[in-house]
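Visitor: File follows, upload03.txt with compact mmCIF, C-alpha atoms:
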# COMPACT_ATOMS: atom_id res chain seq x y z
CA MET A 235 -3.12 -11.66 21.24
CA PHE A 236 0.51 -11.90 20.08
CA ASN A 237 1.21 -8.56 21.81
CA ASP A 238 -1.20 -7.01 19.30
CA ILE A 239 1.71 -6.93 16.83
CA TYR A 240 -0.40 -7.62 13.73
CA ARG A 241 -3.00 -4.89 14.27
CA GLY A 242 -2.73 -2.33 11.50
CA LYS A 243 0.17 -4.19 9.85
CA LYS A 244 0.23 -5.36 6.25
CA VAL A 245 0.70 -9.13 6.14
CA LEU A 246 1.35 -10.99 2.89
CA VAL A 247 0.28 -14.64 2.82
CA THR A 248 1.30 -16.87 -0.07
CA GLY A 249 -1.00 -19.83 -0.56
CA HIS A 250 -3.87 -17.92 1.07
CA THR A 251 -6.53 -19.75 -0.96
CA GLY A 252 -5.60 -23.11 0.52
CA PHE A 253 -6.90 -24.75 3.67
CA LYS A 254 -4.25 -23.50 6.12
CA GLY A 255 -3.87 -20.23 4.24
CA SER A 256 -7.58 -19.44 4.49
CA TRP A 257 -7.67 -20.14 8.23
CA LEU A 258 -4.54 -18.00 8.70
CA THR A 259 -6.05 -15.19 6.64
CA THR A 260 -9.24 -15.28 8.71
CA TRP A 261 -7.29 -15.19 11.97
CA LEU A 262 -5.13 -12.29 10.77
CA LEU A 263 -8.26 -10.33 9.86
CA LYS A 264 -9.61 -11.01 13.35
CA LEU A 265 -6.31 -9.69 14.75
CA GLY A 266 -6.76 -6.42 12.83
CA ALA A 267 -4.20 -7.00 10.07
CA GLU A 268 -4.44 -5.83 6.48
CA VAL A 269 -4.00 -9.04 4.50
CA VAL A 270 -2.53 -9.39 1.01
CA GLY A 271 -2.87 -12.84 -0.52
CA VAL A 272 -0.89 -14.43 -3.37
CA SER A 273 -1.98 -17.76 -4.86
CA LYS A 274 -1.95 -19.17 -8.37
CA ASP A 275 -5.49 -20.60 -8.21
CA ILE A 276 -8.37 -21.85 -6.07
CA PRO A 277 -7.05 -25.34 -5.27
CA THR A 278 -10.28 -27.21 -4.45
CA ASN A 279 -13.98 -27.33 -5.16
CA PRO A 280 -15.61 -26.67 -2.73
CA SER A 281 -13.06 -24.14 -1.49
CA ILE A 282 -12.85 -22.74 2.03
CA PHE A 283 -11.49 -19.52 0.49
CA GLU A 284 -14.67 -19.14 -1.54
CA VAL A 285 -16.98 -20.42 1.20
CA LEU A 286 -15.64 -17.73 3.57
CA LYS A 287 -15.77 -15.09 0.79
CA LEU A 288 -12.25 -14.02 1.68
CA GLU A 289 -11.58 -12.34 -1.68
CA GLU A 290 -14.04 -9.63 -0.59
CA ARG A 291 -12.13 -9.05 2.67
CA ILE A 292 -8.50 -8.82 1.51
CA THR A 293 -6.22 -7.74 -1.35
CA HIS A 294 -6.13 -10.81 -3.58
CA TYR A 295 -3.51 -11.57 -6.24
CA SER A 296 -3.81 -14.51 -8.61
CA ALA A 297 -0.14 -15.19 -9.32
CA ASP A 298 2.30 -18.11 -9.38
CA ILE A 299 5.24 -17.95 -6.96
CA ARG A 300 7.40 -19.43 -9.75
CA ASP A 301 7.01 -16.13 -11.62
CA LEU A 302 9.87 -14.15 -10.12
CA ASP A 303 9.10 -10.91 -11.94
CA LYS A 304 5.50 -10.99 -10.69
CA MET A 305 6.60 -11.63 -7.13
CA ILE A 306 8.97 -8.67 -7.26
CA GLU A 307 6.20 -6.50 -8.68
CA ILE A 308 3.71 -7.46 -5.94
CA PHE A 309 6.18 -7.11 -3.05
CA ARG A 310 7.45 -3.79 -4.39
CA LEU A 311 3.89 -2.45 -4.65
CA GLU A 312 2.55 -3.78 -1.34
CA LYS A 313 5.64 -3.46 0.90
CA PRO A 314 4.36 -5.93 3.52
CA ASP A 315 5.50 -5.80 7.14
CA PHE A 316 5.16 -9.57 7.56
CA LEU A 317 5.29 -12.56 5.23
CA PHE A 318 3.88 -16.02 5.82
CA HIS A 319 4.97 -18.26 2.96
CA LEU A 320 2.61 -21.24 2.69
CA ALA A 321 2.24 -21.60 -1.11
CA ALA A 322 3.19 -25.12 -2.21
CA GLN A 323 2.05 -28.28 -3.94
CA PRO A 324 0.78 -30.04 -0.79
CA ILE A 325 -0.51 -33.44 -1.98
CA VAL A 326 1.64 -36.59 -1.75
CA SER A 327 -0.26 -38.47 -4.47
CA THR A 328 0.06 -35.49 -6.85
CA SER A 329 3.82 -35.58 -6.36
CA TYR A 330 3.81 -39.09 -7.85
CA GLU A 331 1.59 -38.02 -10.74
CA ASN A 332 3.52 -34.82 -11.46
CA PRO A 333 6.92 -34.76 -9.76
CA ILE A 334 8.25 -31.80 -11.77
CA GLU A 335 5.29 -29.63 -10.78
CA THR A 336 5.89 -30.54 -7.15
CA LEU A 337 9.62 -29.89 -7.24
CA SER A 338 9.31 -26.60 -9.14
CA SER A 339 6.55 -25.29 -6.86
CA ASN A 340 8.07 -26.31 -3.57
CA ILE A 341 11.73 -25.65 -4.30
CA MET A 342 11.91 -23.01 -7.03
CA GLY A 343 8.79 -21.26 -5.74
CA THR A 344 10.42 -20.92 -2.34
CA ALA A 345 13.65 -19.75 -3.99
CA ASN A 346 11.72 -17.04 -5.87
CA ILE A 347 10.20 -15.71 -2.66
CA LEU A 348 13.64 -15.58 -1.05
CA GLU A 349 15.14 -13.96 -4.13
CA THR A 350 12.39 -11.33 -4.03
CA LEU A 351 13.29 -10.54 -0.43
CA ARG A 352 16.97 -10.34 -1.36
CA ILE A 353 16.45 -8.00 -4.32
CA LEU A 354 14.03 -5.63 -2.61
CA ASP A 355 15.64 -5.75 0.86
CA ASN A 356 12.72 -3.92 2.45
CA PRO A 357 12.13 -4.34 6.21
CA ILE A 358 10.08 -7.53 6.63
CA THR A 359 9.60 -10.37 9.08
CA ALA A 360 9.30 -13.61 7.11
CA VAL A 361 8.03 -16.96 8.38
CA MET A 362 8.72 -19.70 5.84
CA ILE A 363 6.45 -22.72 6.26
CA THR A 364 7.64 -26.15 5.20
CA SER A 365 6.44 -29.47 6.69
CA ASP A 366 7.30 -32.34 8.97
CA LYS A 367 7.78 -34.24 5.69
CA ALA A 368 11.01 -32.27 5.26
CA TYR A 369 12.66 -34.66 7.73
CA ASP A 370 14.32 -37.84 6.53
CA ASN A 371 11.72 -40.12 8.07
CA ILE A 372 13.22 -43.37 9.38
CA GLU A 373 10.05 -44.02 11.41
CA GLN A 374 11.80 -43.58 14.75
CA VAL A 375 9.58 -43.77 17.82
CA TRP A 376 10.77 -40.42 19.24
CA GLY A 377 9.93 -37.09 17.67
CA TYR A 378 12.14 -35.38 15.12
CA LYS A 379 14.13 -32.39 16.34
CA GLU A 380 14.95 -29.31 14.30
CA SER A 381 18.57 -30.46 14.04
CA ASP A 382 17.68 -33.82 12.43
CA ALA A 383 18.47 -34.57 8.80
CA MET A 384 16.31 -33.28 5.96
CA GLY A 385 15.22 -35.44 3.03
CA GLY A 386 12.92 -38.34 2.28
CA LYS A 387 12.16 -41.44 0.24
CA ASP A 388 9.48 -39.85 -1.94
CA ILE A 389 9.24 -36.81 -4.23
CA TYR A 390 7.03 -34.81 -1.86
CA SER A 391 9.40 -35.26 1.08
CA GLY A 392 12.34 -34.50 -1.18
CA SER A 393 10.68 -31.29 -2.36
CA LYS A 394 10.19 -30.13 1.23
CA GLY A 395 13.71 -31.09 2.21
CA GLY A 396 14.95 -29.25 -0.88
CA ALA A 397 13.02 -26.13 0.12
CA GLU A 398 14.68 -26.27 3.53
CA LEU A 399 18.15 -26.39 1.96
CA VAL A 400 17.31 -23.40 -0.24
CA ILE A 401 16.10 -21.41 2.78
CA LYS A 402 19.24 -22.33 4.73
CA SER A 403 21.57 -21.34 1.90
CA TYR A 404 19.79 -18.02 1.28
CA TYR A 405 19.91 -17.25 4.99
CA HIS A 406 23.66 -17.84 5.27
CA SER A 407 24.46 -16.26 1.90
CA PHE A 408 22.32 -13.13 2.07
CA PHE A 409 20.21 -12.66 5.18
CA LYS A 410 22.32 -13.64 8.18
CA ASN A 411 23.67 -10.11 8.67
CA SER A 412 20.77 -8.24 7.04
CA LYS A 413 19.39 -5.25 8.90
CA ASN A 414 16.02 -5.52 7.13
CA ILE A 415 15.21 -9.20 6.69
CA ARG A 416 14.32 -11.41 9.63
CA LEU A 417 13.56 -14.97 8.66
CA ALA A 418 12.57 -18.19 10.42
CA ILE A 419 11.07 -21.57 9.51
CA GLY A 420 7.93 -23.24 10.82
CA ARG A 421 7.33 -26.98 10.44
CA ALA A 422 4.12 -28.83 11.24
CA GLY A 423 2.53 -32.17 10.50
CA ASN A 424 -0.89 -33.47 9.63
CA VAL A 425 -3.61 -30.95 10.37
CA ILE A 426 -7.35 -31.36 10.30
CA GLY A 427 -10.22 -28.93 10.65
CA GLY A 428 -13.22 -27.56 8.83
CA GLY A 429 -12.84 -26.49 5.23
CA ASP A 430 -10.18 -28.90 3.98
CA TRP A 431 -11.31 -30.38 0.65
CA ALA A 432 -7.96 -31.48 -0.76
CA LYS A 433 -7.82 -34.92 -2.33
CA ASP A 434 -6.45 -37.93 -0.46
CA ARG A 435 -7.28 -36.39 2.92
CA ILE A 436 -8.91 -38.90 5.23
CA VAL A 437 -11.18 -36.43 7.05
CA VAL A 438 -12.30 -34.92 3.74
CA ASP A 439 -13.17 -38.36 2.36
CA CYS A 440 -15.13 -39.11 5.54
CA VAL A 441 -17.29 -36.00 5.73
CA GLU A 442 -18.05 -36.02 2.01
CA ALA A 443 -19.14 -39.66 2.22
CA TRP A 444 -21.05 -39.24 5.46
CA SER A 445 -22.89 -36.17 4.18
CA ARG A 446 -24.35 -38.54 1.54
CA ASN A 447 -24.91 -41.28 4.14
CA LYS A 448 -22.19 -43.41 2.54
CA ARG A 449 -19.29 -45.44 3.94
CA VAL A 450 -15.72 -44.27 3.42
CA GLU A 451 -12.83 -46.50 2.33
CA ILE A 452 -9.63 -46.23 4.36
CA ARG A 453 -6.20 -47.44 3.21
CA SER A 454 -4.04 -47.59 6.32
CA PRO A 455 -6.18 -48.03 9.45
CA LYS A 456 -3.18 -48.72 11.70
CA ALA A 457 -1.11 -45.74 10.53
CA THR A 458 -0.42 -43.38 13.41
CA ARG A 459 -0.45 -39.62 12.98
CA PRO A 460 -0.08 -36.72 15.43
CA TRP A 461 -3.52 -35.29 14.66
CA GLN A 462 -3.88 -31.60 15.42
CA HIS A 463 -6.41 -28.92 14.56
CA VAL A 464 -5.25 -26.41 11.97
CA LEU A 465 -5.32 -23.62 14.55
CA GLU A 466 -2.54 -25.29 16.54
CA PRO A 467 0.34 -24.79 14.07
CA LEU A 468 -1.15 -21.45 12.97
CA SER A 469 -0.85 -20.20 16.55
CA GLY A 470 2.78 -21.29 16.37
CA TYR A 471 3.39 -19.48 13.08
CA LEU A 472 1.79 -16.30 14.38
CA ASP A 473 3.70 -16.55 17.66
CA LEU A 474 6.94 -17.12 15.78
CA GLY A 475 6.28 -14.11 13.55
CA ALA A 476 5.55 -11.88 16.54
CA GLU A 477 8.62 -13.02 18.49
CA LEU A 478 10.90 -12.95 15.44
CA HIS A 479 9.86 -9.34 14.84
CA ARG A 480 11.32 -8.26 18.19
CA ARG A 481 14.05 -10.81 18.96
CA ASP A 482 17.26 -10.94 16.92
CA GLU A 483 18.26 -14.32 18.30
CA LEU A 484 15.40 -16.09 16.47
CA HIS A 485 16.66 -14.96 13.05
CA GLY A 486 17.48 -18.02 10.92
CA GLU A 487 15.99 -20.54 13.36
CA ALA A 488 13.55 -23.38 12.61
CA PHE A 489 10.73 -24.52 14.90
CA ASN A 490 8.46 -27.55 15.07
CA PHE A 491 4.80 -27.04 15.96
CA GLY A 492 2.91 -30.18 16.82
CA PRO A 493 0.31 -31.65 19.18
CA ARG A 494 0.85 -33.19 22.57
CA ALA A 495 2.36 -36.65 22.58
CA GLU A 496 -0.88 -38.26 23.70
CA GLN A 497 -2.62 -37.02 20.54
CA ASN A 498 -0.99 -39.70 18.41
CA HIS A 499 -3.89 -41.88 17.30
CA THR A 500 -4.46 -44.37 14.53
CA VAL A 501 -6.52 -43.54 11.48
CA LEU A 502 -9.10 -46.04 12.70
CA GLN A 503 -9.45 -44.27 16.08
CA LEU A 504 -9.78 -40.89 14.39
CA LEU A 505 -12.58 -42.12 12.13
CA THR A 506 -14.37 -43.83 14.98
CA ASP A 507 -14.37 -40.62 17.01
CA LEU A 508 -15.39 -38.38 14.10
CA ALA A 509 -18.24 -40.72 13.18
CA LYS A 510 -19.90 -40.16 16.57
CA TYR A 511 -20.98 -36.71 15.37
CA TRP A 512 -22.73 -38.17 12.29
CA GLU A 513 -25.74 -40.47 12.34
CA ILE A 514 -24.51 -43.25 10.06
CA ASP A 515 -24.24 -47.02 10.42
CA GLU A 516 -20.98 -48.67 9.33
CA PRO A 517 -19.11 -45.41 8.63
CA TYR A 518 -16.05 -47.01 7.01
CA GLN A 519 -14.53 -50.07 5.34
CA VAL A 520 -10.86 -51.00 5.00
CA THR A 521 -9.06 -51.50 1.68
CA ASP A 522 -5.44 -52.56 1.23
CA ASN A 523 -5.00 -50.62 -2.01
CA ILE A 524 -2.04 -48.32 -1.28
CA PRO A 525 -0.69 -47.03 -4.63
CA PHE A 526 2.30 -45.14 -3.20
CA HIS A 527 4.67 -45.05 -0.24
CA GLU A 528 3.14 -43.77 2.99
CA ALA A 529 5.04 -43.46 6.25
CA GLY A 530 3.50 -45.34 9.15
CA LEU A 531 4.92 -43.15 11.90
CA LEU A 532 5.96 -39.50 11.94
CA LYS A 533 5.90 -37.10 14.86
CA LEU A 534 7.72 -33.98 15.97
CA ASN A 535 9.63 -32.95 19.06
CA CYS A 536 8.44 -29.43 19.97
CA ASP A 537 10.73 -28.77 22.94
CA LYS A 538 12.53 -25.97 21.10
CA ALA A 539 9.29 -24.02 20.58
CA LEU A 540 8.46 -24.48 24.25
CA PHE A 541 11.89 -23.30 25.39
CA TYR A 542 12.38 -20.29 23.10
CA LEU A 543 8.78 -19.19 22.49
CA GLN A 544 6.94 -20.67 25.47
CA TRP A 545 4.62 -22.15 22.84
CA GLN A 546 2.80 -25.40 23.37
CA SER A 547 -0.24 -27.15 21.99
CA THR A 548 -3.57 -25.83 23.27
CA MET A 549 -6.18 -28.41 22.29
CA LEU A 550 -6.86 -31.81 23.72
CA TYR A 551 -7.84 -34.52 21.25
CA PRO A 552 -11.60 -34.35 22.01
CA ASP A 553 -11.66 -30.63 21.16
CA THR A 554 -9.81 -31.32 17.91
CA ILE A 555 -12.49 -33.82 16.94
CA ARG A 556 -15.35 -31.54 18.05
CA PHE A 557 -14.09 -28.45 16.24
CA THR A 558 -13.60 -30.40 13.03
CA SER A 559 -16.90 -32.25 13.09
CA GLU A 560 -18.97 -29.21 14.06
CA TRP A 561 -17.52 -27.07 11.26
CA TYR A 562 -18.27 -29.64 8.56
CA TYR A 563 -21.65 -30.54 10.03
CA ASN A 564 -22.68 -26.88 10.01
CA TYR A 565 -21.48 -26.51 6.42
CA TYR A 566 -23.18 -29.59 4.99
CA LYS A 567 -26.38 -29.07 6.98
CA GLU A 568 -26.36 -25.33 6.11
CA ILE A 569 -26.51 -24.25 9.75
CA GLY A 570 -25.74 -20.54 10.17
CA ASP A 571 -23.10 -18.41 8.47
CA ILE A 572 -19.91 -20.40 8.04
CA TYR A 573 -17.59 -17.37 8.22
CA THR A 574 -19.13 -16.50 11.58
CA LYS A 575 -18.67 -20.12 12.68
CA THR A 576 -15.01 -19.99 11.65
CA VAL A 577 -14.35 -16.78 13.56
CA GLU A 578 -16.21 -18.21 16.58
CA GLN A 579 -13.96 -21.28 16.55
CA ILE A 580 -10.88 -19.06 16.43
CA GLY A 581 -12.26 -17.13 19.40
CA GLU A 582 -12.97 -20.33 21.31
CA TYR A 583 -9.45 -21.54 20.58
CA GLU A 584 -8.03 -18.24 21.88
CA ASN A 585 -10.08 -18.65 25.05
CA LEU A 586 -8.79 -22.21 25.55
CA ALA A 587 -5.26 -20.84 25.31
CA LYS A 588 -6.06 -17.97 27.71
CA LYS A 589 -7.30 -20.44 30.31
CA GLN A 590 -3.91 -22.15 30.09
CA SER A 591 -2.15 -18.74 30.42
CA LEU A 592 -0.19 -19.30 27.22
CA LYS A 593 2.23 -16.47 26.55
CA TRP A 594 0.95 -15.57 23.06
CA THR A 595 -2.51 -14.72 24.41
CA THR A 596 -1.23 -11.54 26.04
CA ASN A 597 -1.43 -8.06 24.49
Let me see the file written as structure tokens.

Guide:
Amino acid sequence: MFNDIYRGKKVLVTGHTGFKGSWLTTWLLKLGAEVVGVSKDIPTNPSIFEVLKLEERITHYSADIRDLDKMIEIFRLEKPDFLFHLAAQPIVSTSYENPIETLSSNIMGTANILETLRILDNPITAVMITSDKAYDNIEQVWGYKESDAMGGKDIYSGSKGGAELVIKSYYHSFFKNSKNIRLAIGRAGNVIGGGDWAKDRIVVDCVEAWSRNKRVEIRSPKATRPWQHVLEPLSGYLDLGAELHRRDELHGEAFNFGPRAEQNHTVLQLLTDLAKYWEIDEPYQVTDNIPFHEAGLLKLNCDKALFYLQWQSTMLYPDTIRFTSEWYYNYYKEIGDIYTKTVEQIGEYENLAKKQSLKWTTN
């Protein structure tokens, strides 16, 4: 997998206690990497990081990326070969409740990581993760390309667009001609999968309600999202890191990682399909209470990743639903060891990609 580039390498993951960070950490461990994690806290309760007992399997630092001195200290001590920067304030509703926290975490936190790389200037391959929300979303029917404008109408989108501008300016100011720093950006949209317990997540609300045999309230049943399993963008991030490590021409580039076009489904369709795995009558009810701006349409054009990386989405929509439902069902019904289940799903995902002869599955 990924030309076996991560085996025996030290990989630092910021935001490793979060949903995507925990899945990425687990996959890196499976790939034979030595993982160092940096996060300011355990963001949810329950927590996938705690459920998988990842603190026992890695080097874990409890530190805030807004603390520049601490970041320099950790990077200087650990000297990672790779960096995946995921740490951020990821919740749209929280950005309305606490805009300064969101802006400082997502913009200044990113700046501190870049400043740490600049000061230390040790050899490292860095993949900076932002979001599809970084794009100025005008709800166009075609997918956003990497060259489209950054920005947004809300604080969360603005914070992601701001992070992109900081990355771009650091690249051109300090890293463009660096012999040690290789840097690229990964952008992805809505992800689902087992172990996400963040607030205001539709799948989280569903499984928590259904585990108690309750109905879930949904705000925007007609909203369309490009639903993808968390392993999809993570395969893109890992592929980007591996290719960036060996190819100079990827330095400073940004890449979208999203699902196939046919995986755009409404919230209502997603809930209807997820509910089939749970024995519950009337699984949801619709409410029109939307307290903040939500985009109705947002999808990515991933042609650049296909052309330069030969990366494309692996899962079909039914597998996305099955993986997600099975993980949560096993957790809530206490079926087997959940870490083993997580690793098994990663292995099954790798096998799905192998069957499609995807380039990143080779060693």

Visitor: Each residue of stretch 359-462 of chain A lying at most 10 Å from stretch 254-277 of chain A should get a row with its shortest atom-to-atom pair and the distance in Å to one decimal, counting all atoms listed in the file; could you produce that, ordered by chain and increasing number, as a tab-separated table?

Guide:
residue	atom	partner	partner_atom	distance
A:Val425	CA	A:Lys254	CA	8.6
A:Ile426	CA	A:Lys254	CA	9.4
A:Gly427	CA	A:Lys254	CA	9.3
A:Gly428	CA	A:Trp257	CA	9.3
A:Gly429	CA	A:Trp257	CA	8.7
A:Asp430	CA	A:Lys254	CA	8.3
A:Trp431	CA	A:Pro277	CA	8.9
A:Ala432	CA	A:Pro277	CA	7.7

Visitor: If I take atom CA of A:Tyr542 and atom CA of A:Phe489, how far is one from the other in Å, to one decimal?

Guide: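 One can read the atom CA of A:Tyr542 to atom CA of A:Phe489 distance as 9.4 Å.
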
Visitor: Identify which of the residues A:Leu550, A:Ala383, A:Ile282, A:Leu478 lies closest to A:Pro460, counting only C-alpha atoms when measuring atom-to-atom distances.

Guide: A:Leu550

Visitor: Report, in Å to a single decimal, how far apart atom CA of A:Gly570 and atom CA of A:Tyr551 are.

Guide: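 Calculated distance between atom CA of A:Tyr551 and atom CA of A:Gly570 is 25.3 Å.
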
Visitor: Check the smallest atom-to-atom distance from each of A:Lys394, A:Ile401, A:Gly581, A:Asp388 to A:Tyr369 using all atoms listed in the file, then report the winner.

Guide: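 Looking only at the distances to A:Tyr369, the closest residue turns out to be A:Lys394.
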
Visitor: At most 8 Å from (2.9, -12.0, 10.5), file frame, all atoms listed in the file: which residues, as a PyMOL selection string?

Guide: chain A and resi 240+245-246+315-318+359-361+471-472+475-476

Visitor: Using all atoms listed in the file, pick whichever of A:Ala488, A:Thr248, A:Val501, A:Lys533 has the shortest atom-to-atom distance to A:Asn371.

Guide: A:Lys533

Visitor: Work out how far atom CA of A:Arg310 is from atom CA of A:Pro357, in Å to one decimal.

Guide: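 Going from atom CA of A:Pro357 over to atom CA of A:Arg310, I get 11.6 Å.
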
Visitor: Smallest atom-to-atom distance to A:Asp355: which of A:Lys413, A:His406, A:Arg556, A:His294, using all atoms listed in the file?

Guide: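 Of the candidates, the smallest distance to A:Asp355 is held by A:Lys413.
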
Visitor: Counting all atoms listed in the file, select every polymer residue within 7 Å of (-0.5, -28.7, 24.3) as defined in the file's coordinates, and provide the selection as a list of chain:residue names.

Guide: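 Those within range, by chain then number, are A:Pro493, A:Arg494, A:Gln546, A:Ser547, A:Thr548, A:Met549.
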
Visitor: Choose the residue, out of A:Asn424, A:Asn498, A:Asn237, A:Gln374, that has the smallest atom-to-atom separation from A:Ile325; count all atoms listed in the file.

Guide: A:Asn424

Visitor: Which neighbours of A:Leu534 fall inside 7 Å, counting all atoms listed in the file, when residues of the same chain fewer than 3 positions from it are skipped, and could you give them as JSON, numbers by chain?

Guide: {"A": [377, 378, 379, 490, 492]}
